[in-house]
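coords.pdb (PDB, C-alpha atoms)
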```pdb
MODEL        1
ATOM      1  CA  MET O 766      20.906   6.980  -8.064
ATOM      2  CA  LYS O 767      19.732   4.814 -10.944
ATOM      3  CA  THR O 768      17.464   1.889 -10.125
ATOM      4  CA  LYS O 769      19.106  -1.382 -11.096
ATOM      5  CA  ASN O 770      16.349  -3.791 -10.040
ATOM      6  CA  TYR O 771      12.637  -3.249 -10.642
ATOM      7  CA  ASN O 772      11.308  -6.659  -9.622
ATOM      8  CA  PRO O 773      10.459  -5.168  -7.117
ATOM      9  CA  SER O 774      12.530  -2.034  -6.773
ATOM     10  CA  PRO O 775      13.855  -1.002  -3.349
ATOM     11  CA  ILE O 776      11.803   2.198  -3.418
ATOM     12  CA  GLU O 777       8.607   0.250  -4.196
ATOM     13  CA  VAL O 778       9.243  -2.013  -1.203
ATOM     14  CA  ARG O 779      10.033   0.902   1.109
ATOM     15  CA  PHE O 780       6.996   2.852  -0.079
ATOM     16  CA  VAL O 781       4.738  -0.104   0.763
ATOM     17  CA  GLU O 782       6.313  -0.383   4.219
ATOM     18  CA  VAL O 783       5.795   3.330   4.888
ATOM     19  CA  LEU O 784       2.162   3.246   3.756
ATOM     20  CA  SER O 785       1.530   0.197   5.943
ATOM     21  CA  ASP O 786       2.888   2.107   8.936
ATOM     22  CA  LEU O 787       0.393   4.931   8.322
ATOM     23  CA  LYS O 788      -2.688   2.886   9.283
ATOM     24  CA  ASP O 789      -3.518   5.055  12.319
ATOM     25  CA  GLU O 790      -3.057   8.283  10.351
ATOM     26  CA  ILE O 791      -5.274   6.976   7.532
ATOM     27  CA  ASN O 792      -7.975   6.040  10.060
ATOM     28  CA  LYS O 793      -7.956   9.592  11.440
ATOM     29  CA  LYS O 794      -8.739  10.966   7.979
ATOM     30  CA  LEU O 795     -11.280   8.385   6.781
ATOM     31  CA  VAL O 796     -14.891   9.203   7.577
ATOM     32  CA  ASN O 797     -17.357   6.359   8.149
ATOM     33  CA  PHE O 798     -14.692   3.666   7.613
ATOM     34  CA  ASP O 799     -12.116   1.976   9.811
ATOM     35  CA  VAL O 800      -8.964   0.347   8.451
ATOM     36  CA  VAL O 801      -9.065  -2.989  10.251
ATOM     37  CA  LYS O 802      -5.812  -4.308   8.809
ATOM     38  CA  ILE O 803      -3.343  -3.817   5.996
ATOM     39  CA  ASP O 804      -1.752  -6.757   4.211
ATOM     40  CA  ASN O 805       1.202  -6.128   1.973
ATOM     41  CA  ASN O 806       3.064  -8.276  -0.489
ATOM     42  CA  THR O 807       6.503  -6.892  -1.255
ATOM     43  CA  GLN O 808       7.590 -10.079  -3.045
ATOM     44  CA  LEU O 809       5.615  -9.224  -6.198
ATOM     45  CA  ASP O 810       7.150  -7.402  -9.169
ATOM     46  CA  ASN O 811       4.726  -4.580  -8.353
ATOM     47  CA  PRO O 812       4.078  -4.799  -4.595
ATOM     48  CA  THR O 813       0.505  -4.529  -3.360
ATOM     49  CA  LEU O 814      -1.247  -3.190  -0.300
ATOM     50  CA  ASN O 815      -4.619  -4.652   0.667
ATOM     51  CA  PHE O 816      -6.606  -2.364   2.947
ATOM     52  CA  HIS O 817      -9.348  -4.210   4.847
ATOM     53  CA  LEU O 818     -12.022  -1.711   5.876
ATOM     54  CA  LYS O 819     -15.211  -1.848   7.905
ATOM     55  CA  ASP O 820     -17.958   0.721   7.475
ATOM     56  CA  MET O 821     -20.290   2.104  10.151
ATOM     57  CA  GLU O 822     -22.837  -0.645   9.403
ATOM     58  CA  GLY O 823     -20.237  -3.359   9.941
ATOM     59  CA  ASP O 824     -19.857  -4.248   6.252
ATOM     60  CA  GLU O 825     -16.365  -5.202   5.124
ATOM     61  CA  HIS O 826     -14.631  -3.650   2.123
ATOM     62  CA  LYS O 827     -11.234  -4.096   0.501
ATOM     63  CA  ILE O 828      -9.116  -1.538  -1.321
ATOM     64  CA  VAL O 829      -6.060  -2.761  -3.232
ATOM     65  CA  LEU O 830      -3.153  -0.525  -4.179
ATOM     66  CA  LYS O 831      -0.460  -1.674  -6.567
ATOM     67  CA  ILE O 832       2.833   0.217  -6.328
ATOM     68  CA  ILE O 833       4.637   0.669  -9.639
ATOM     69  CA  GLN O 834       7.880   2.549 -10.128
ATOM     70  CA  THR O 835       8.256   3.765 -13.671
ATOM     71  CA  PRO O 836      11.655   3.324 -15.352
ATOM     72  CA  ASP O 837      14.273   5.923 -14.569
ATOM     73  CA  PRO O 838      14.827   8.516 -17.306
ATOM     74  CA  GLU O 839      17.741   7.785 -19.584
TER
ENDMDL
END
```

I need this file expressed as structure tokens, please.
Amino acid sequence: MKTKNYNPSPIEVRFVEVLSDLKDEINKKLVNFDVVKIDNNTQLDNPTLNFHLKDMEGDEHKIVLKIIQTPDPE
């Protein structure tokens, strides 16, 4: 299936939704950090995920992932 719309593409949006749902699984694998919340913005051309983390000392950190689907091969 060729992608007809990339702004954002359906697979980008779905990928962000799936990653957001994995918060508990990510927490199980992170050492010394806890994912407090995940914000996502699927309205952007390249959707983003903002992971809000807290370390063992109580300091807050933020990791941002940008999801980009490359163009389909011709």

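Residue nearest Leu795 in chain O, chosen from O:Asn811, O:Leu818, O:Pro775, O:Gln834 and counting all atoms listed in the file: O:Leu818.
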
With 5 Å of padding per side, what axis-aligned box (centre and edge lengths, Å, one decimal) covers all the listed atoms of range 798-812 of chain O? Give it as lines of an AutoDock Vina configuration file.
```
center_x = -3.6
center_y = -3.2
center_z = 0.5
size_x = 32.3
size_y = 23.7
size_z = 29.4
```

Nearest to Leu784 in chain O, chosen from O:Pro836, O:Glu825, O:Leu814, O:Asp820, with only C-alpha atoms counted in the distances:
O:Leu814

Selection result for the PyMOL selection byres ((chain O and resi 788) around 10) on this file, as an NGL selection string
:O and (783-787 or 789-793 or 799-803 or 816)

Same residues, C-alpha atoms, saved as a PDB file, in the frame of the given file:
```pdb
ATOM      1  CA  VAL O 783       5.795   3.330   4.888  1.00  0.00           C
ATOM      2  CA  LEU O 784       2.162   3.246   3.756  1.00  0.00           C
ATOM      3  CA  SER O 785       1.530   0.197   5.943  1.00  0.00           C
ATOM      4  CA  ASP O 786       2.888   2.107   8.936  1.00  0.00           C
ATOM      5  CA  LEU O 787       0.393   4.931   8.322  1.00  0.00           C
ATOM      6  CA  ASP O 789      -3.518   5.055  12.319  1.00  0.00           C
ATOM      7  CA  GLU O 790      -3.057   8.283  10.351  1.00  0.00           C
ATOM      8  CA  ILE O 791      -5.274   6.976   7.532  1.00  0.00           C
ATOM      9  CA  ASN O 792      -7.975   6.040  10.060  1.00  0.00           C
ATOM     10  CA  LYS O 793      -7.956   9.592  11.440  1.00  0.00           C
ATOM     11  CA  ASP O 799     -12.116   1.976   9.811  1.00  0.00           C
ATOM     12  CA  VAL O 800      -8.964   0.347   8.451  1.00  0.00           C
ATOM     13  CA  VAL O 801      -9.065  -2.989  10.251  1.00  0.00           C
ATOM     14  CA  LYS O 802      -5.812  -4.308   8.809  1.00  0.00           C
ATOM     15  CA  ILE O 803      -3.343  -3.817   5.996  1.00  0.00           C
ATOM     16  CA  PHE O 816      -6.606  -2.364   2.947  1.00  0.00           C
TER      17      PHE O 816
END
```

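Distances here use only C-alpha atoms; by that measure, the residue among O:Glu822, O:Asp804, O:Ile833, O:Val796 closest to Ile776 in chain O is O:Ile833.
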
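The two atoms in question, CA of Asn797 in chain O and CA of Gly823 in chain O, are spaced 10.3 Å apart.
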